[in-house]
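Structure file target_39.tsv (TSV, C-alpha atoms) follows.
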```tsv
chain	number	residue	atom	x	y	z
U	5	MET	CA	92.41	113.43	46.55
U	6	ILE	CA	89.24	114.37	48.46
U	7	PHE	CA	89.28	110.97	50.17
U	8	ILE	CA	92.88	111.47	51.24
U	9	ILE	CA	91.99	114.90	52.63
U	10	LEU	CA	89.00	113.33	54.40
U	11	ILE	CA	91.10	110.62	56.07
U	12	LEU	CA	94.00	112.92	57.01
U	13	SER	CA	91.73	115.63	58.39
U	14	ALA	CA	89.80	113.06	60.47
U	15	ALA	CA	93.03	111.65	61.88
U	16	ALA	CA	94.48	115.12	62.55
U	17	THR	CA	91.24	116.26	64.24
U	18	ALA	CA	91.25	113.26	66.54
U	19	PHE	CA	94.97	113.57	67.26
U	20	PHE	CA	94.94	117.28	68.09
U	21	PHE	CA	91.61	117.13	69.93
U	22	ILE	CA	92.72	114.29	72.21
U	23	LEU	CA	96.21	115.61	72.84
U	24	ALA	CA	95.34	119.30	72.98
U	25	ARG	CA	96.97	120.93	75.99
U	26	LYS	CA	97.45	124.40	74.65
U	27	LYS	CA	95.02	126.85	73.12
U	28	TRP	CA	96.65	126.77	69.67
U	29	GLN	CA	96.34	122.95	69.57
U	30	ARG	CA	92.59	123.15	70.24
U	31	ARG	CA	92.22	125.78	67.52
U	32	LEU	CA	94.16	123.57	65.13
U	33	SER	CA	91.83	120.65	65.94
U	34	PHE	CA	88.84	122.86	64.98
U	35	VAL	CA	90.55	123.81	61.70
U	36	PHE	CA	91.00	120.11	60.86
U	37	ALA	CA	87.40	119.39	61.95
U	38	PHE	CA	86.19	122.12	59.58
U	39	LEU	CA	88.33	120.64	56.78
U	40	PHE	CA	86.85	117.20	57.55
U	41	ILE	CA	83.26	118.48	57.37
U	42	LEU	CA	84.04	120.48	54.23
U	43	SER	CA	85.48	117.43	52.47
U	44	ILE	CA	82.39	115.39	53.38
U	45	GLY	CA	80.17	118.15	52.01
U	46	LEU	CA	82.14	118.38	48.76
U	47	SER	CA	82.05	114.59	48.32
U	48	VAL	CA	78.29	114.48	48.83
U	49	ALA	CA	77.80	117.43	46.47
U	50	ASN	CA	79.90	115.70	43.82
U	51	PHE	CA	78.04	112.39	44.10
U	52	ASN	CA	74.52	113.85	44.28
U	53	GLN	CA	74.66	117.20	42.45
U	54	HIS	CA	77.71	116.61	40.21
U	55	PHE	CA	79.63	119.46	41.87
U	56	GLY	CA	82.66	120.43	39.78
U	57	MET	CA	81.18	118.85	36.66
U	58	SER	CA	79.41	120.03	33.55
U	59	GLN	CA	77.38	118.33	30.85
U	60	GLU	CA	79.23	117.68	27.60
U	61	THR	CA	77.55	116.54	24.40
U	62	SER	CA	79.43	114.78	21.62
U	63	THR	CA	78.03	114.14	18.15
U	64	GLN	CA	78.85	111.29	15.80
U	65	THR	CA	77.41	110.82	12.31
U	66	LEU	CA	77.37	107.42	10.61
U	67	ASN	CA	76.37	106.53	7.05
U	68	LEU	CA	73.89	103.66	7.12
U	69	VAL	CA	73.40	100.66	4.87
U	70	SER	CA	70.34	98.43	4.85
U	71	SER	CA	69.95	96.20	7.90
U	72	VAL	CA	68.33	93.56	5.68
U	73	LYS	CA	70.67	91.61	3.40
U	74	GLY	CA	69.67	89.97	0.14
U	75	GLN	CA	66.52	92.01	-0.54
U	76	ASP	CA	65.77	94.62	-3.16
U	77	THR	CA	64.58	97.18	-0.63
U	78	ASP	CA	66.58	99.11	1.94
U	79	ALA	CA	65.30	98.85	5.49
U	80	LEU	CA	65.96	99.80	9.07
U	81	LEU	CA	64.94	97.09	11.52
U	82	TYR	CA	63.46	97.51	14.98
U	83	LYS	CA	62.45	95.25	17.84
U	84	PRO	CA	59.48	96.34	19.95
U	85	LEU	CA	59.94	96.22	23.71
U	86	GLY	CA	57.26	95.64	26.33
U	87	ASP	CA	53.89	96.84	25.05
U	88	GLY	CA	55.43	97.96	21.73
U	89	THR	CA	55.64	101.69	22.43
U	90	GLU	CA	59.39	101.47	23.03
U	91	LYS	CA	61.63	100.21	20.23
U	92	VAL	CA	65.24	99.17	19.84
U	93	TYR	CA	66.55	99.87	16.34
U	94	LEU	CA	69.05	97.66	14.51
U	95	TYR	CA	71.32	99.69	12.26
U	96	GLN	CA	74.32	98.80	10.15
U	97	THR	CA	77.20	100.69	8.53
U	98	GLU	CA	79.52	99.50	5.76
U	99	LYS	CA	82.21	98.60	8.32
U	100	MET	CA	79.92	96.35	10.40
U	101	ASP	CA	79.41	92.65	9.75
U	102	GLU	CA	76.20	92.44	11.78
U	103	PRO	CA	73.58	95.07	12.69
U	104	LYS	CA	74.12	96.89	15.98
U	105	SER	CA	71.22	97.71	18.29
U	106	THR	CA	70.51	100.99	19.99
U	107	ALA	CA	70.31	100.95	23.77
U	108	SER	CA	66.94	101.23	25.47
U	109	GLN	CA	67.67	103.02	28.75
U	110	ASP	CA	68.00	106.84	28.62
U	111	VAL	CA	68.02	106.72	24.81
U	112	LYS	CA	65.59	108.49	22.50
U	113	ASN	CA	65.27	107.43	18.86
U	114	HIS	CA	63.86	109.75	16.18
U	115	ILE	CA	63.19	108.85	12.54
U	116	ASN	CA	63.08	111.34	9.69
U	117	GLN	CA	62.14	109.80	6.31
U	118	ASP	CA	62.76	112.63	3.89
U	119	ALA	CA	66.57	112.73	3.77
U	120	ASP	CA	68.80	112.43	0.72
U	121	GLN	CA	71.12	109.89	2.34
U	122	ALA	CA	70.70	107.30	5.10
U	123	GLN	CA	72.52	108.57	8.17
U	124	LEU	CA	72.47	108.14	11.91
U	125	THR	CA	73.42	111.09	14.11
U	126	ILE	CA	74.25	110.05	17.67
U	127	LYS	CA	74.32	112.77	20.34
U	128	THR	CA	75.70	111.50	23.64
U	129	THR	CA	75.57	113.64	26.79
U	130	GLU	CA	77.91	112.89	29.71
U	131	TRP	CA	79.04	114.46	32.98
U	132	VAL	CA	82.69	115.58	32.74
U	133	TYR	CA	84.87	117.54	35.15
U	134	LYS	CA	85.03	121.28	34.52
U	135	ASN	CA	88.82	121.44	34.79
U	136	ASP	CA	91.92	119.58	36.00
U	137	PHE	CA	91.49	120.84	39.57
U	138	TYR	CA	88.12	119.10	40.02
U	139	GLN	CA	89.34	116.03	38.16
U	140	THR	CA	92.31	115.73	40.55
U	141	LEU	CA	90.17	116.47	43.60
U	142	PHE	CA	87.52	113.84	42.82
U	143	ALA	CA	89.71	111.40	40.84
U	144	MET	CA	88.94	108.41	43.06
U	145	ALA	CA	85.16	108.86	42.62
U	146	GLY	CA	85.31	107.37	39.13
U	147	ASN	CA	82.42	109.42	37.77
U	148	ASN	CA	84.17	111.27	34.94
U	149	HIS	CA	82.34	110.72	31.61
U	150	GLU	CA	79.23	109.47	33.42
U	151	PHE	CA	76.48	108.75	30.87
U	152	ILE	CA	73.37	110.97	31.04
U	153	ARG	CA	71.43	110.37	27.83
U	154	GLN	CA	71.69	109.64	24.13
U	155	ASP	CA	69.62	110.93	21.21
U	156	ASN	CA	69.67	108.96	17.95
U	157	GLN	CA	68.41	110.72	14.81
U	158	PHE	CA	67.85	108.33	11.91
U	159	ASP	CA	67.67	110.32	8.65
U	160	LEU	CA	66.39	107.97	5.95
U	161	PRO	CA	65.44	108.46	2.29
U	162	SER	CA	61.75	108.07	1.51
U	163	ASP	CA	62.34	104.73	-0.27
U	164	TRP	CA	63.65	103.12	2.95
U	165	GLN	CA	61.30	101.04	5.05
U	166	VAL	CA	61.22	100.77	8.84
U	167	ILE	CA	60.18	97.20	9.62
U	168	SER	CA	59.96	94.95	12.63
U	169	ALA	CA	62.63	92.28	13.03
U	170	GLU	CA	60.06	89.87	14.49
```

Would you mind writing the file out in C-alpha coordinates?
Amino acid sequence: MIFIILILSAAATAFFFILARKKWQRRLSFVFAFLFILSIGLSVANFNQHFGMSQETSTQTLNLVSSVKGQDTDALLYKPLGDGTEKVYLYQTEKMDEPKSTASQDVKNHINQDADQAQLTIKTTEWVYKNDFYQTLFAMAGNNHEFIRQDNQFDLPSDWQVISAE
(Lines of atoms letter the chains of each structure in order from A and count residues from 1; the text may use other names and numbers.)
(Lines give C-alpha, C1' and ligand atoms only; values in the text may rest on other atoms or scores of the structure.)
Protein backbone atom coordinates (compact mmCIF):
# COMPACT_ATOMS: atom_id res chain seq x y z
CA MET A 1 0.00 0.00 0.00
CA ILE A 2 2.84 2.40 0.84
CA PHE A 3 4.34 1.80 -2.61
CA ILE A 4 1.03 2.59 -4.27
CA ILE A 5 0.78 5.81 -2.23
CA LEU A 6 4.38 6.62 -3.19
CA ILE A 7 3.73 6.18 -6.93
CA LEU A 8 0.37 7.98 -6.94
CA SER A 9 1.65 10.91 -4.88
CA ALA A 10 4.70 11.28 -7.16
CA ALA A 11 2.49 11.28 -10.25
CA ALA A 12 -0.02 13.70 -8.69
CA THR A 13 2.78 16.04 -7.56
CA ALA A 14 4.25 16.15 -11.04
CA PHE A 15 0.85 16.55 -12.68
CA PHE A 16 -0.38 19.38 -10.46
CA PHE A 17 3.01 21.11 -10.31
CA ILE A 18 3.41 21.19 -14.09
CA LEU A 19 -0.18 22.12 -14.87
CA ALA A 20 -0.73 24.46 -11.93
CA ARG A 21 -2.36 27.68 -13.12
CA LYS A 22 -4.30 28.57 -10.03
CA LYS A 23 -3.23 29.00 -6.44
CA TRP A 24 -5.23 26.01 -5.17
CA GLN A 25 -3.55 23.73 -7.75
CA ARG A 26 -0.08 24.76 -6.52
CA ARG A 27 -1.15 24.13 -2.93
CA LEU A 28 -2.47 20.73 -3.92
CA SER A 29 0.87 19.91 -5.58
CA PHE A 30 2.63 20.71 -2.27
CA VAL A 31 0.20 18.45 -0.38
CA PHE A 32 1.04 15.58 -2.75
CA ALA A 33 4.76 16.39 -2.49
CA PHE A 34 4.48 16.19 1.31
CA LEU A 35 2.64 12.85 1.00
CA PHE A 36 5.40 11.62 -1.35
CA ILE A 37 8.17 12.58 1.09
CA LEU A 38 6.22 11.13 4.02
CA SER A 39 5.76 7.78 2.24
CA ILE A 40 9.50 7.64 1.46
CA GLY A 41 10.28 8.36 5.11
CA LEU A 42 7.88 5.68 6.35
CA SER A 43 9.32 3.12 3.90
CA VAL A 44 12.88 3.85 5.00
CA ALA A 45 11.85 3.71 8.67
CA ASN A 46 10.16 0.35 8.10
CA PHE A 47 13.14 -1.16 6.28
CA ASN A 48 15.84 0.18 8.61
CA GLN A 49 14.18 0.63 12.02
CA HIS A 50 11.26 -1.82 11.68
CA PHE A 51 8.70 0.99 12.04
CA GLY A 52 5.24 -0.44 12.74
CA MET A 53 6.69 -3.73 13.95
CA SER A 54 7.39 -5.37 17.27
CA GLN A 55 9.45 -8.34 18.37
CA GLU A 56 7.49 -11.52 19.03
CA THR A 57 8.95 -14.61 20.68
CA SER A 58 7.46 -18.06 20.25
CA THR A 59 8.43 -21.10 22.30
CA GLN A 60 8.38 -24.73 21.26
CA THR A 61 9.32 -27.68 23.48
CA LEU A 62 10.36 -31.03 22.00
CA ASN A 63 11.05 -34.32 23.77
CA LEU A 64 14.39 -35.69 22.63
CA VAL A 65 15.61 -39.20 21.94
CA SER A 66 19.24 -40.21 21.53
CA SER A 67 20.91 -39.01 18.34
CA VAL A 68 23.02 -42.18 18.33
CA LYS A 69 21.25 -45.39 17.29
CA GLY A 70 22.27 -48.87 18.36
CA GLN A 71 24.28 -47.93 21.46
CA ASP A 72 23.58 -48.45 25.13
CA THR A 73 24.11 -44.80 26.01
CA ASP A 74 21.97 -41.80 25.16
CA ALA A 75 23.79 -38.96 23.45
CA LEU A 76 23.40 -35.57 21.84
CA LEU A 77 25.72 -35.08 18.89
CA TYR A 78 27.45 -31.89 17.81
CA LYS A 79 29.67 -30.80 14.94
CA PRO A 80 32.32 -28.17 15.69
CA LEU A 81 32.53 -25.24 13.29
CA GLY A 82 35.61 -23.20 12.43
CA ASP A 83 38.04 -23.20 15.35
CA GLY A 84 35.70 -25.39 17.44
CA THR A 85 34.22 -22.67 19.66
CA GLU A 86 30.97 -22.68 17.69
CA LYS A 87 28.95 -25.90 17.49
CA VAL A 88 25.97 -27.18 15.55
CA TYR A 89 23.96 -29.72 17.53
CA LEU A 90 22.22 -32.73 15.98
CA TYR A 91 19.03 -33.59 17.85
CA GLN A 92 16.29 -36.12 17.23
CA THR A 93 12.70 -36.61 18.38
CA GLU A 94 10.58 -39.76 18.19
CA LYS A 95 8.86 -38.49 15.03
CA MET A 96 12.12 -37.89 13.12
CA ASP A 97 13.87 -40.52 11.01
CA GLU A 98 17.20 -38.68 10.96
CA PRO A 99 18.76 -36.16 13.37
CA LYS A 100 18.10 -32.50 12.62
CA SER A 101 20.80 -29.87 13.02
CA THR A 102 20.50 -26.52 14.70
CA ALA A 103 21.29 -23.47 12.61
CA SER A 104 24.53 -21.61 13.16
CA GLN A 105 23.71 -17.99 12.31
CA ASP A 106 21.97 -15.89 15.01
CA VAL A 107 21.40 -19.04 17.08
CA LYS A 108 22.60 -19.65 20.63
CA ASN A 109 22.71 -23.16 22.06
CA HIS A 110 22.72 -23.84 25.81
CA ILE A 111 23.10 -27.23 27.50
CA ASN A 112 21.82 -28.08 30.96
CA GLN A 113 22.73 -31.61 32.14
CA ASP A 114 20.72 -31.98 35.32
CA ALA A 115 17.18 -32.39 33.97
CA ASP A 116 14.78 -35.25 34.61
CA GLN A 117 13.86 -35.65 30.94
CA ALA A 118 15.64 -34.89 27.67
CA GLN A 119 13.98 -31.85 26.12
CA LEU A 120 14.77 -29.07 23.70
CA THR A 121 13.15 -25.68 24.22
CA ILE A 122 13.34 -23.49 21.11
CA LYS A 123 12.68 -19.76 21.53
CA THR A 124 12.41 -17.97 18.19
CA THR A 125 12.22 -14.17 18.00
CA GLU A 126 10.82 -12.48 14.88
CA TRP A 127 9.71 -9.04 13.71
CA VAL A 128 5.92 -8.94 13.22
CA TYR A 129 3.57 -6.07 12.42
CA LYS A 130 1.93 -4.42 15.42
CA ASN A 131 -1.55 -4.48 13.89
CA ASP A 132 -3.51 -4.89 10.64
CA PHE A 133 -3.02 -1.23 9.69
CA TYR A 134 0.78 -1.55 9.50
CA GLN A 135 0.52 -4.96 7.86
CA THR A 136 -1.71 -3.50 5.12
CA LEU A 137 0.45 -0.39 4.76
CA PHE A 138 3.73 -2.30 4.34
CA ALA A 139 2.33 -5.52 2.84
CA MET A 140 4.49 -5.40 -0.28
CA ALA A 141 7.71 -5.12 1.77
CA GLY A 142 7.58 -8.82 2.63
CA ASN A 143 9.24 -8.43 6.02
CA ASN A 144 6.52 -9.82 8.28
CA HIS A 145 7.87 -12.64 10.49
CA GLU A 146 11.46 -11.61 9.78
CA PHE A 147 13.85 -13.81 11.79
CA ILE A 148 15.90 -12.07 14.51
CA ARG A 149 17.39 -14.83 16.66
CA GLN A 150 16.84 -18.26 18.14
CA ASP A 151 17.79 -19.66 21.55
CA ASN A 152 17.98 -23.45 21.96
CA GLN A 153 17.98 -24.83 25.51
CA PHE A 154 18.93 -28.51 25.65
CA ASP A 155 17.84 -29.97 29.01
CA LEU A 156 19.46 -33.39 29.35
CA PRO A 157 19.58 -35.96 32.16
CA SER A 158 22.98 -36.46 33.77
CA ASP A 159 23.40 -39.89 32.14
CA TRP A 160 23.31 -38.36 28.63
CA GLN A 161 26.57 -37.64 26.85
CA VAL A 162 27.33 -34.73 24.53
CA ILE A 163 29.74 -36.08 21.92
CA SER A 164 31.24 -34.93 18.67
CA ALA A 165 29.87 -36.42 15.46
CA GLU A 166 33.34 -36.40 13.90

Residues near U:Ser70, cut-off 9 Å, only C-alpha atoms, skip fewer than 5 positions along chain, as an MDAnalysis selection string: chainID U and resid 77:81 95:97 122 164

Considering only C-alpha atoms, tabulate each residue of stretch 12-76 of chain U that lies at most 8 Å from stretch 134-141 of chain U along with its nearest interatomic pair and the corresponding distance in Å to one decimal; arrange the rows by chain and ascending residue number and present them as CSV.
```
residue,atom,partner,partner_atom,distance
U:Gly56,CA,U:Tyr138,CA,5.6
U:Met57,CA,U:Lys134,CA,5.0
U:Ser58,CA,U:Lys134,CA,5.8
```

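Reported to one decimal place, the separation of atom CA of U:Ser71 from atom CA of U:Pro103 is 6.1 Å.
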
Test item: which residues lie within 10 Å of (68.2, 101.9, 13.9) counting only C-alpha atoms, as JSON, numbers by chain: {"U": [68, 70, 71, 79, 80, 81, 82, 83, 91, 92, 93, 94, 95, 96, 103, 104, 105, 106, 113, 114, 115, 123, 124, 156, 157, 158, 159, 166]}

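You will find atom CA of U:Leu12 at 13.7 Å from atom CA of U:Phe34.
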
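Take atom CA of U:Gln109 and atom CA of U:Leu46: the distance between them is 29.1 Å.
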
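Compared by their closest atoms to U:Phe142, and using only C-alpha atoms, the residues U:Leu23, U:Asn67, U:Ser47, U:Thr17 rank with U:Ser47 nearest.
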
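Among the candidates U:Asp110, U:Ile41, U:Asn50, U:Val72, the one nearest to U:Asn147 when counting only C-alpha atoms is U:Asn50.
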
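Residue nearest U:Gln117 within the list U:Thr65, U:Gln75, U:Thr129, U:Ser162: U:Ser162 [criterion: smallest interatomic distance, all atoms listed in the file].
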